[in-house]
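Trainee: The structure file protein.csv (CSV, C-alpha atoms) is provided below.
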```
chain,number,residue,atom,x,y,z
I,17,MET,CA,-13.4,-26.9,237.0
I,18,SER,CA,-9.7,-26.9,236.4
I,19,ALA,CA,-8.1,-29.0,233.7
I,20,TYR,CA,-5.1,-29.6,235.9
I,21,GLN,CA,-5.8,-33.3,236.6
I,22,ILE,CA,-6.4,-34.0,232.9
I,23,ASN,CA,-3.2,-32.3,232.0
I,24,LYS,CA,-1.5,-34.4,234.7
I,25,ILE,CA,-2.9,-37.7,233.3
I,26,CYS,CA,-1.6,-36.8,229.8
I,27,HIS,CA,1.8,-35.9,231.2
I,28,ARG,CA,2.0,-39.1,233.3
I,29,ALA,CA,1.0,-41.2,230.3
I,30,TYR,CA,3.8,-39.7,228.2
I,31,HIS,CA,6.5,-40.1,230.9
I,32,ASP,CA,5.5,-43.2,232.8
I,33,ARG,CA,5.4,-46.3,230.8
I,34,ALA,CA,3.6,-48.5,233.4
I,35,PHE,CA,0.8,-45.9,233.7
I,36,ARG,CA,0.6,-45.7,229.9
I,37,GLU,CA,0.2,-49.4,229.5
I,38,ALA,CA,-2.4,-49.5,232.2
I,39,VAL,CA,-4.4,-46.8,230.3
I,40,LEU,CA,-4.1,-48.8,227.1
I,41,ALA,CA,-5.2,-52.0,228.8
I,42,ASP,CA,-8.1,-50.6,230.8
I,43,PRO,CA,-8.6,-46.8,230.6
I,44,ALA,CA,-11.5,-46.6,233.1
I,45,LYS,CA,-9.6,-48.7,235.7
I,46,ALA,CA,-6.4,-46.7,235.1
I,47,ILE,CA,-8.0,-43.4,235.9
I,48,LYS,CA,-10.5,-44.7,238.5
I,49,ASP,CA,-8.7,-43.1,241.5
I,50,TRP,CA,-7.9,-39.7,239.8
I,51,PRO,CA,-9.9,-36.8,241.2
I,52,LEU,CA,-11.9,-35.9,238.1
I,53,THR,CA,-15.5,-34.7,237.8
I,54,ASP,CA,-17.9,-37.2,236.2
I,55,GLU,CA,-18.0,-35.0,233.1
I,56,GLN,CA,-14.2,-34.9,232.8
I,57,ARG,CA,-13.9,-38.6,233.3
I,58,LYS,CA,-16.6,-39.3,230.6
I,59,ALA,CA,-15.0,-36.9,228.1
I,60,LEU,CA,-11.5,-38.4,228.7
I,61,LEU,CA,-12.7,-42.0,228.3
I,62,GLU,CA,-14.6,-41.0,225.1
I,63,GLY,CA,-11.6,-39.2,223.7
I,64,ASP,CA,-13.6,-36.0,223.4
I,65,VAL,CA,-10.6,-33.8,222.7
I,66,LYS,CA,-12.8,-30.8,221.7
I,67,LYS,CA,-14.3,-30.6,225.2
I,68,LEU,CA,-11.0,-31.4,226.9
I,69,TYR,CA,-9.3,-28.6,224.9
I,70,GLU,CA,-12.1,-26.1,225.6
I,71,TRP,CA,-11.8,-26.9,229.3
I,72,GLY,CA,-8.1,-25.9,229.2
I,73,THR,CA,-6.2,-29.0,228.6
I,74,HIS,CA,-2.9,-28.0,227.1
I,75,PRO,CA,-3.0,-29.1,223.4
I,76,PHE,CA,0.6,-30.3,223.4
I,77,LEU,CA,-0.1,-32.7,226.3
I,78,LEU,CA,-3.5,-33.7,224.8
I,79,ALA,CA,-1.8,-34.6,221.5
I,80,HIS,CA,0.6,-37.0,223.3
I,81,THR,CA,-2.4,-39.4,223.4
I,82,THR,CA,-2.3,-40.0,219.7
I,83,ARG,CA,1.3,-41.4,219.9
I,84,TRP,CA,-0.1,-44.6,221.4
I,85,GLY,CA,-3.8,-44.4,220.6
I,86,LEU,CA,-4.7,-43.6,224.2
I,87,PHE,CA,-8.4,-43.3,224.8
I,88,GLY,CA,-8.9,-44.6,221.2
I,89,LEU,CA,-7.3,-41.4,219.8
I,90,THR,CA,-5.6,-41.9,216.4
I,91,PRO,CA,-4.0,-38.8,214.8
I,92,ALA,CA,-6.8,-38.7,212.2
I,93,LEU,CA,-9.6,-39.0,214.7
I,94,TYR,CA,-8.0,-36.4,216.9
I,95,ALA,CA,-7.6,-33.9,214.0
I,96,GLU,CA,-11.3,-34.5,213.1
I,97,ARG,CA,-12.6,-34.0,216.6
I,98,ILE,CA,-10.5,-30.9,217.5
I,99,LYS,CA,-11.8,-29.0,214.5
I,100,GLY,CA,-13.9,-26.0,215.5
I,101,ALA,CA,-12.9,-26.2,219.2
I,102,LYS,CA,-13.0,-22.8,220.9
I,103,ASP,CA,-10.0,-21.5,222.7
I,104,PRO,CA,-10.3,-21.8,226.5
I,105,GLN,CA,-11.0,-18.5,228.3
D,22,MET,CA,36.6,-10.2,230.5
D,23,ALA,CA,34.3,-12.7,228.8
D,24,GLU,CA,33.1,-11.9,225.3
D,25,LEU,CA,30.1,-12.7,223.1
D,26,VAL,CA,31.5,-14.3,220.0
D,27,ALA,CA,28.4,-15.7,218.2
D,28,ALA,CA,24.6,-15.8,218.4
D,29,VAL,CA,22.6,-18.4,216.6
D,30,GLY,CA,18.9,-18.9,215.9
D,31,VAL,CA,17.6,-22.2,214.7
D,32,PRO,CA,14.5,-24.5,215.0
D,33,HIS,CA,14.3,-27.6,217.2
D,34,SER,CA,11.7,-29.9,215.7
D,35,PRO,CA,11.9,-33.2,217.6
D,36,HIS,CA,11.5,-35.4,214.5
D,37,TYR,CA,14.6,-33.9,212.8
D,38,PRO,CA,17.3,-36.2,214.3
D,39,SER,CA,15.5,-39.4,213.4
D,40,GLN,CA,14.6,-38.1,209.9
D,41,TYR,CA,17.7,-36.2,208.9
D,42,PRO,CA,21.2,-37.5,209.7
D,43,LYS,CA,23.6,-34.7,210.5
D,44,ASP,CA,25.4,-35.4,207.2
D,45,GLY,CA,22.2,-36.0,205.2
D,46,PRO,CA,21.6,-34.4,201.8
D,47,GLN,CA,18.3,-32.7,202.7
D,48,ASP,CA,17.8,-29.0,203.2
D,49,THR,CA,17.4,-29.2,207.0
D,50,PRO,CA,20.8,-30.9,207.9
D,51,ARG,CA,22.4,-28.7,205.2
D,52,LEU,CA,21.2,-25.6,206.9
D,53,PHE,CA,22.3,-26.8,210.3
D,54,ARG,CA,25.8,-27.6,208.8
D,55,GLU,CA,26.0,-24.1,207.4
D,56,VAL,CA,25.2,-22.6,210.8
D,57,LYS,CA,27.6,-25.1,212.5
D,58,ALA,CA,30.5,-23.9,210.2
D,59,GLU,CA,30.0,-20.3,211.5
D,60,LEU,CA,29.7,-21.5,215.1
D,61,ASP,CA,32.8,-23.7,214.8
D,62,ALA,CA,34.8,-20.7,213.4
D,63,ALA,CA,33.7,-18.6,216.5
D,64,LYS,CA,35.6,-21.1,218.8
D,65,ALA,CA,33.2,-20.8,221.6
D,66,GLU,CA,34.2,-22.1,225.0
D,67,ALA,CA,30.7,-22.0,226.5
D,68,ILE,CA,27.2,-22.0,224.9
D,69,ILE,CA,24.1,-20.4,226.4
D,70,VAL,CA,21.0,-22.1,225.1
D,71,ILE,CA,17.7,-20.2,225.2
D,72,ALA,CA,14.7,-22.4,224.8
D,73,ASN,CA,11.3,-23.3,226.1
D,74,ASP,CA,10.6,-26.5,228.1
D,75,HIS,CA,7.7,-28.6,226.8
D,76,PHE,CA,6.6,-30.0,230.2
D,77,ASN,CA,9.6,-32.3,230.4
D,78,THR,CA,12.0,-30.5,232.8
D,79,PHE,CA,9.1,-28.7,234.5
D,80,PHE,CA,5.4,-29.3,234.8
D,81,MET,CA,2.3,-27.2,235.7
D,82,ASN,CA,2.9,-28.0,239.4
D,83,ASN,CA,5.8,-25.5,239.2
D,84,PHE,CA,6.3,-23.9,235.9
D,85,PRO,CA,8.8,-21.0,235.7
D,86,THR,CA,8.5,-18.0,233.5
D,87,PHE,CA,12.3,-17.6,233.3
D,88,ALA,CA,14.7,-20.3,234.7
D,89,ILE,CA,18.4,-21.1,234.6
D,90,GLY,CA,20.3,-24.3,235.2
D,91,LEU,CA,23.0,-24.0,237.8
D,92,THR,CA,25.0,-27.1,238.3
D,93,ASP,CA,28.0,-28.8,236.8
D,94,ALA,CA,26.5,-31.5,234.7
D,95,ALA,CA,23.2,-32.3,233.0
D,96,TYR,CA,21.8,-34.7,230.4
D,97,GLY,CA,19.1,-35.2,227.8
D,98,PRO,CA,16.8,-35.7,226.0
D,99,ASN,CA,14.5,-36.2,228.9
D,100,ASP,CA,11.5,-36.6,226.6
D,101,GLN,CA,10.9,-39.3,224.1
D,102,THR,CA,12.7,-37.7,221.2
D,103,LYS,CA,14.4,-40.3,219.0
D,104,MET,CA,18.0,-39.1,219.1
D,105,PRO,CA,21.3,-39.9,220.9
D,106,HIS,CA,21.6,-39.4,224.6
D,107,TYR,CA,24.0,-36.8,225.7
D,108,ASP,CA,25.6,-36.1,229.1
D,109,PHE,CA,27.1,-32.6,229.1
D,110,ALA,CA,28.8,-30.1,231.3
D,111,VAL,CA,27.2,-26.9,232.5
D,112,GLN,CA,29.3,-23.7,232.7
D,113,GLU,CA,28.6,-23.1,236.4
D,114,THR,CA,30.7,-20.0,236.8
D,115,LEU,CA,28.9,-18.2,233.9
D,116,ALA,CA,25.5,-19.5,235.0
D,117,SER,CA,26.1,-18.2,238.5
D,118,HIS,CA,27.3,-14.8,237.3
D,119,MET,CA,24.2,-14.6,235.0
D,120,LEU,CA,21.9,-15.4,237.9
D,121,LYS,CA,23.6,-12.8,240.2
D,122,THR,CA,23.4,-10.1,237.5
D,123,ALA,CA,19.8,-11.0,236.7
D,124,MET,CA,18.8,-10.6,240.4
D,125,GLU,CA,20.6,-7.3,240.7
D,126,GLU,CA,18.9,-6.0,237.6
D,127,GLY,CA,15.4,-7.2,238.6
D,128,PHE,CA,15.0,-10.4,236.6
D,129,ASP,CA,14.0,-13.1,239.0
D,130,PHE,CA,15.2,-16.4,237.5
D,131,ALA,CA,14.0,-19.6,238.9
D,132,VAL,CA,16.9,-21.9,239.5
D,133,THR,CA,17.2,-25.7,239.0
D,134,GLN,CA,20.3,-27.5,240.3
D,135,GLU,CA,19.4,-31.0,239.0
D,136,PHE,CA,17.8,-31.5,235.6
D,137,GLY,CA,17.6,-33.0,232.1
D,138,VAL,CA,16.7,-31.0,229.1
D,139,ASP,CA,14.3,-31.8,226.3
D,140,HIS,CA,14.5,-31.7,222.5
D,141,ALA,CA,14.3,-27.9,222.4
D,142,MET,CA,17.9,-27.6,223.7
D,143,LEU,CA,19.3,-30.9,222.5
D,144,VAL,CA,18.2,-30.9,218.8
D,145,PRO,CA,20.1,-27.7,218.2
D,146,LEU,CA,23.1,-28.9,220.2
D,147,HIS,CA,23.0,-32.3,218.4
D,148,TYR,CA,23.3,-30.6,215.0
D,149,LEU,CA,25.5,-27.6,215.9
D,150,THR,CA,28.2,-29.3,218.0
D,151,ASP,CA,30.4,-32.4,217.9
D,152,GLY,CA,28.9,-34.2,220.9
D,153,VAL,CA,28.2,-31.1,223.2
D,154,LYS,CA,31.8,-30.8,224.4
D,155,ALA,CA,31.7,-27.1,225.3
D,156,PRO,CA,29.9,-26.5,228.6
D,157,VAL,CA,26.3,-25.2,228.3
D,158,VAL,CA,24.2,-22.7,230.3
D,159,PRO,CA,20.5,-23.6,229.9
D,160,VAL,CA,18.0,-20.7,230.1
D,161,TRP,CA,14.3,-21.5,229.8
D,162,ILE,CA,11.6,-19.1,228.7
D,163,ASN,CA,8.0,-19.9,229.2
D,164,THR,CA,6.8,-19.5,225.6
D,165,PHE,CA,4.5,-22.4,225.9
D,166,SER,CA,1.8,-22.1,228.6
D,167,ALA,CA,-0.2,-18.9,228.7
D,168,PRO,CA,0.1,-16.3,230.0
D,169,LEU,CA,3.5,-15.8,228.4
D,170,PRO,CA,6.0,-13.1,229.3
D,171,THR,CA,5.8,-10.1,227.0
D,172,ALA,CA,8.1,-9.6,224.0
D,173,ARG,CA,9.3,-6.4,225.7
D,174,ARG,CA,10.3,-8.2,228.8
D,175,CYS,CA,12.1,-10.9,226.9
D,176,TYR,CA,14.0,-8.3,224.9
D,177,ALA,CA,15.1,-6.6,228.1
D,178,LEU,CA,16.1,-10.0,229.5
D,179,GLY,CA,18.3,-10.5,226.5
D,180,LYS,CA,20.0,-7.1,227.0
D,181,MET,CA,20.6,-8.0,230.7
D,182,MET,CA,22.1,-11.4,229.6
D,183,GLU,CA,24.4,-9.6,227.2
D,184,ARG,CA,25.6,-7.3,230.0
D,185,ALA,CA,26.0,-10.4,232.2
D,186,VAL,CA,28.2,-12.2,229.7
D,187,LYS,CA,30.4,-9.1,229.1
D,188,SER,CA,30.9,-8.4,232.8
D,189,LEU,CA,32.1,-11.9,233.7
D,190,PRO,CA,35.6,-11.2,235.1
D,191,GLN,CA,37.4,-14.0,233.2
D,192,LYS,CA,38.4,-14.7,229.7
D,193,LEU,CA,35.7,-16.8,228.1
D,194,ARG,CA,34.4,-17.0,224.5
D,195,VAL,CA,30.6,-17.3,224.8
D,196,ALA,CA,28.1,-18.3,222.1
D,197,VAL,CA,24.4,-18.2,222.4
D,198,ILE,CA,21.8,-20.4,220.7
D,199,ALA,CA,18.1,-19.5,220.7
D,200,THR,CA,15.6,-21.9,219.2
D,201,GLY,CA,12.0,-22.0,218.2
D,202,SER,CA,9.3,-21.9,215.5
D,203,PHE,CA,7.7,-18.6,214.4
D,204,SER,CA,4.4,-20.3,213.4
D,205,LEU,CA,3.3,-23.7,214.6
D,206,GLU,CA,0.2,-25.3,216.0
D,207,ILE,CA,0.3,-28.7,217.7
D,208,GLY,CA,-2.8,-30.5,218.9
D,209,GLY,CA,-5.1,-27.4,218.7
D,210,PRO,CA,-8.0,-26.5,216.4
D,211,LYS,CA,-5.8,-25.0,213.7
D,212,ILE,CA,-4.0,-28.4,212.9
D,213,ASP,CA,-4.2,-29.8,209.4
D,214,PRO,CA,-6.6,-32.7,208.7
D,215,GLY,CA,-5.0,-36.1,209.6
D,216,LYS,CA,-1.9,-34.4,211.1
D,217,ARG,CA,-0.8,-33.4,214.6
D,218,ASN,CA,0.3,-30.0,213.5
D,219,SER,CA,0.2,-27.1,211.0
D,220,VAL,CA,1.9,-23.8,210.2
D,221,PRO,CA,-1.1,-21.4,210.6
D,222,ASP,CA,0.6,-18.1,209.7
D,223,LEU,CA,3.4,-18.6,207.1
D,224,GLU,CA,3.3,-14.9,206.2
D,225,TRP,CA,4.1,-13.8,209.8
D,226,SER,CA,7.0,-16.2,209.8
D,227,ARG,CA,8.3,-14.7,206.5
D,228,HIS,CA,7.7,-11.2,207.8
D,229,LEU,CA,9.8,-12.0,210.9
D,230,HIS,CA,12.6,-13.5,208.7
D,231,ARG,CA,12.7,-10.2,206.7
D,232,ARG,CA,12.8,-8.1,209.8
D,233,ILE,CA,15.6,-10.1,211.2
D,234,GLY,CA,17.6,-9.8,208.0
D,235,LYS,CA,17.2,-6.0,208.1
D,236,GLY,CA,18.0,-5.7,211.8
D,237,GLU,CA,14.6,-4.4,212.7
D,238,PHE,CA,14.4,-6.0,216.1
D,239,ASP,CA,12.5,-3.1,217.9
D,240,ALA,CA,9.7,-3.5,215.3
D,241,ILE,CA,9.5,-7.3,216.1
D,242,VAL,CA,9.1,-6.5,219.8
D,243,THR,CA,6.3,-4.1,219.0
D,244,GLU,CA,4.5,-6.5,216.6
D,245,ALA,CA,4.9,-9.7,218.7
D,246,THR,CA,1.7,-9.2,220.7
D,247,PRO,CA,0.1,-12.2,222.5
D,248,GLN,CA,-2.7,-12.0,219.9
D,249,GLN,CA,-0.4,-12.1,216.9
D,250,MET,CA,1.7,-15.0,218.4
D,251,TRP,CA,-1.4,-17.0,219.2
D,252,LYS,CA,-2.7,-16.4,215.6
D,253,ALA,CA,0.6,-17.9,214.5
D,254,GLY,CA,-0.3,-21.1,216.5
D,255,ASN,CA,-0.3,-22.4,220.0
D,256,ILE,CA,3.5,-22.8,219.7
D,257,GLY,CA,3.9,-19.4,218.0
D,258,GLY,CA,5.2,-18.0,221.3
D,259,GLU,CA,8.5,-19.7,220.6
D,260,LEU,CA,9.4,-16.5,218.8
D,261,LEU,CA,10.1,-15.2,222.4
D,262,ASN,CA,13.2,-17.4,222.6
D,263,TRP,CA,14.5,-15.5,219.5
D,264,VAL,CA,13.5,-12.1,221.0
D,265,VAL,CA,15.7,-12.8,224.0
D,266,LEU,CA,18.6,-13.5,221.5
D,267,LEU,CA,17.8,-10.3,219.6
D,268,GLY,CA,18.1,-8.4,222.9
D,269,MET,CA,21.6,-9.8,223.3
D,270,VAL,CA,22.6,-9.1,219.6
D,271,GLY,CA,22.2,-5.3,219.8
D,272,LYS,CA,21.7,-3.5,216.5
D,273,ASP,CA,23.7,-5.8,214.2
D,274,LYS,CA,22.4,-7.6,211.2
D,275,PRO,CA,23.1,-11.4,210.9
D,276,VAL,CA,26.2,-12.4,209.0
D,277,TYR,CA,24.3,-15.5,207.9
D,278,LEU,CA,20.6,-15.8,207.2
D,279,ALA,CA,19.3,-18.8,205.3
D,280,ASP,CA,16.3,-18.3,203.0
D,281,HIS,CA,13.1,-18.7,204.9
D,282,ASP,CA,12.1,-22.3,205.3
D,283,ASP,CA,8.6,-22.3,203.8
D,284,LYS,CA,8.0,-25.9,204.6
D,285,ASP,CA,8.2,-25.6,208.4
D,286,GLY,CA,8.0,-21.9,208.9
D,287,HIS,CA,11.6,-21.7,210.3
D,288,ALA,CA,14.6,-19.4,210.1
D,289,TYR,CA,18.3,-20.1,210.5
D,290,ALA,CA,20.5,-17.1,211.4
D,291,VAL,CA,24.0,-16.3,212.8
D,292,TRP,CA,25.6,-13.2,214.2
D,293,ARG,CA,29.4,-13.1,214.8
D,294,TRP,CA,31.8,-10.8,216.6
D,295,ASN,CA,35.5,-11.0,217.5
```
Let me see whether you can do it: turn the structure in this file into structure tokens.
Mentor:
Amino acid sequence: MSAYQINKICHRAYHDRAFREAVLADPAKAIKDWPLTDEQRKALLEGDVKKLYEWGTHPFLLAHTTRWGLFGLTPALYAERIKGAKDPQ
Amino acid sequence: MAELVAAVGVPHSPHYPSQYPKDGPQDTPRLFREVKAELDAAKAEAIIVIANDHFNTFFMNNFPTFAIGLTDAAYGPNDQTKMPHYDFAVQETLASHMLKTAMEEGFDFAVTQEFGVDHAMLVPLHYLTDGVKAPVVPVWINTFSAPLPTARRCYALGKMMERAVKSLPQKLRVAVIATGSFSLEIGGPKIDPGKRNSVPDLEWSRHLHRRIGKGEFDAIVTEATPQQMWKAGNIGGELLNWVVLLGMVGKDKPVYLADHDDKDGHAYAVWRWN
């Protein structure tokens, strides 16, 4: 299971304002057509950054989410959840 | 023949321009001004910038290990860094000669002929020049998305780049700026509570600063293993931008080396010739 599509979503949200606003307005709808596994989709919508990181999402891209609170992620919440995450293999 | 007149190493933190005006009283803009005074005195007619992209010029669909910008004009920042927009010229003759030399010597640069650059190149250029008037040659190193090139390879790349500059058959005063943190984590498990980042290995950063001051560059190349750089944070690979610069510098000690910046784990250094 590659993290490429999750990386791509984080990248798109940072660079594409319309997509970012769609994610803010209705995250599930905004990522509906992206080719994610059910597990990936669930983790992203729940802002489970520990899992996303362990699957290989690039931390610099993942941390972009906190700039706008995407997927409910504030900097404080992000920092709390990423604690103890294992480095991807 | 072209000559190398100055080499500069500085950080590129994207929050600096919005926090610290160029003429501000804080340590950060003061250190940039001290470096700028040296660079101004070197009267460079072209500036090579060695930095890593942060998925702004390139993305994972096509991410180069080593890349060079080969065109006549570029712009930035192409990320969301709060700083002035710059349109700047690219020194195409030098870039083209560097590419040709690289290929002949077995360094296979990727080439982009249309691009913007992110904060990694523009924050240093913002502080160290008056509006990016001298043409630039951008060189990107993947210090950011594992697996990274080895320190040994980056050092050799720098030595090749020095030969490339010095074999350009025209008069041109060339400066080089490399930029990066020695220890930095962003968004990974080593970040500080409530923050986006941390400096996980301040002692490593201080150690590198001491080595640079003593001209012990070979030792840095040996010590900068993937494991050590990762221990210094997921952005700790940015040391490799400096390693390329050290390859260009030869054996000389810097003429300017600011005290180690313990707050951010940063160094500011200048070499001058001619």
Trainee: Extract, using all atoms listed in the file, all DNA, RNA and protein residues at most 8 Å from segment 177-193 of chain D, discarding same-chain residues fewer than 4 positions from it, and format them as a VMD selection string.
Mentor: chain D and resid 22 to 25 66 to 67 115 118 to 119 122 to 123 126 128 173 264 to 271
Trainee: Do me a favour and pick out the residues of chain D within 10 Å of chain I, using all atoms listed in the file, as a VMD selection string.
Mentor: chain D and resid 75 to 77 80 to 82 99 to 101 165 to 167 206 to 218 255 to 256
Trainee: Would you export the selected residues with C-alpha atoms as a JSON list (two decimals), keeping the file's coordinate frame, please?
Mentor:
```json
[["chain", "number", "residue", "atom", "x", "y", "z"],
["D", 75, "HIS", "CA", 7.70, -28.60, 226.80],
["D", 76, "PHE", "CA", 6.60, -30.00, 230.20],
["D", 77, "ASN", "CA", 9.60, -32.30, 230.40],
["D", 80, "PHE", "CA", 5.40, -29.30, 234.80],
["D", 81, "MET", "CA", 2.30, -27.20, 235.70],
["D", 82, "ASN", "CA", 2.90, -28.00, 239.40],
["D", 99, "ASN", "CA", 14.50, -36.20, 228.90],
["D", 100, "ASP", "CA", 11.50, -36.60, 226.60],
["D", 101, "GLN", "CA", 10.90, -39.30, 224.10],
["D", 165, "PHE", "CA", 4.50, -22.40, 225.90],
["D", 166, "SER", "CA", 1.80, -22.10, 228.60],
["D", 167, "ALA", "CA", -0.20, -18.90, 228.70],
["D", 206, "GLU", "CA", 0.20, -25.30, 216.00],
["D", 207, "ILE", "CA", 0.30, -28.70, 217.70],
["D", 208, "GLY", "CA", -2.80, -30.50, 218.90],
["D", 209, "GLY", "CA", -5.10, -27.40, 218.70],
["D", 210, "PRO", "CA", -8.00, -26.50, 216.40],
["D", 211, "LYS", "CA", -5.80, -25.00, 213.70],
["D", 212, "ILE", "CA", -4.00, -28.40, 212.90],
["D", 213, "ASP", "CA", -4.20, -29.80, 209.40],
["D", 214, "PRO", "CA", -6.60, -32.70, 208.70],
["D", 215, "GLY", "CA", -5.00, -36.10, 209.60],
["D", 216, "LYS", "CA", -1.90, -34.40, 211.10],
["D", 217, "ARG", "CA", -0.80, -33.40, 214.60],
["D", 218, "ASN", "CA", 0.30, -30.00, 213.50],
["D", 255, "ASN", "CA", -0.30, -22.40, 220.00],
["D", 256, "ILE", "CA", 3.50, -22.80, 219.70]]
```
Trainee: Please indicate the distance in Å from atom CA of Asp93 of chain D to atom CA of Gly30 of chain D, rounded to one decimal place.
Mentor: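 It comes out at 24.9 Å.
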Trainee: So how many Å separate atom CA of Ile22 of chain I and atom CA of Pro85 of chain D, to one decimal?
Mentor: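 Distance reported for this atom pair: 20.2 Å.
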Trainee: Dump as a list in words all residues having an atom at most 9 Å from (-4.6, -39.5, 239.2), computed in the file's coordinates with all atoms listed in the file.
Mentor: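 Checked against the point, the hits come out as Gln21, Ile22, Lys24, Ile25, Arg28, Ala46, Ile47, Lys48, Asp49, Trp50, Pro51 and Leu52 of chain I.
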Trainee: So, with only C-alpha atoms as the atoms that count, which of I:Leu89, I:Ala19, I:Phe35, I:Ala41 lies closest to Glu62 of chain I?
Mentor: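 Between I:Leu89, I:Ala19, I:Phe35, I:Ala41, the residue approaching Glu62 of chain I most closely is I:Leu89.
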Trainee: Ranking D:Gly90, D:Gly236, D:Pro156, D:Gly45 by minimum distance to Val195 of chain D and counting all atoms listed in the file, which one comes first?
Mentor: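 Distance minimum relative to Val195 of chain D lands on D:Pro156.
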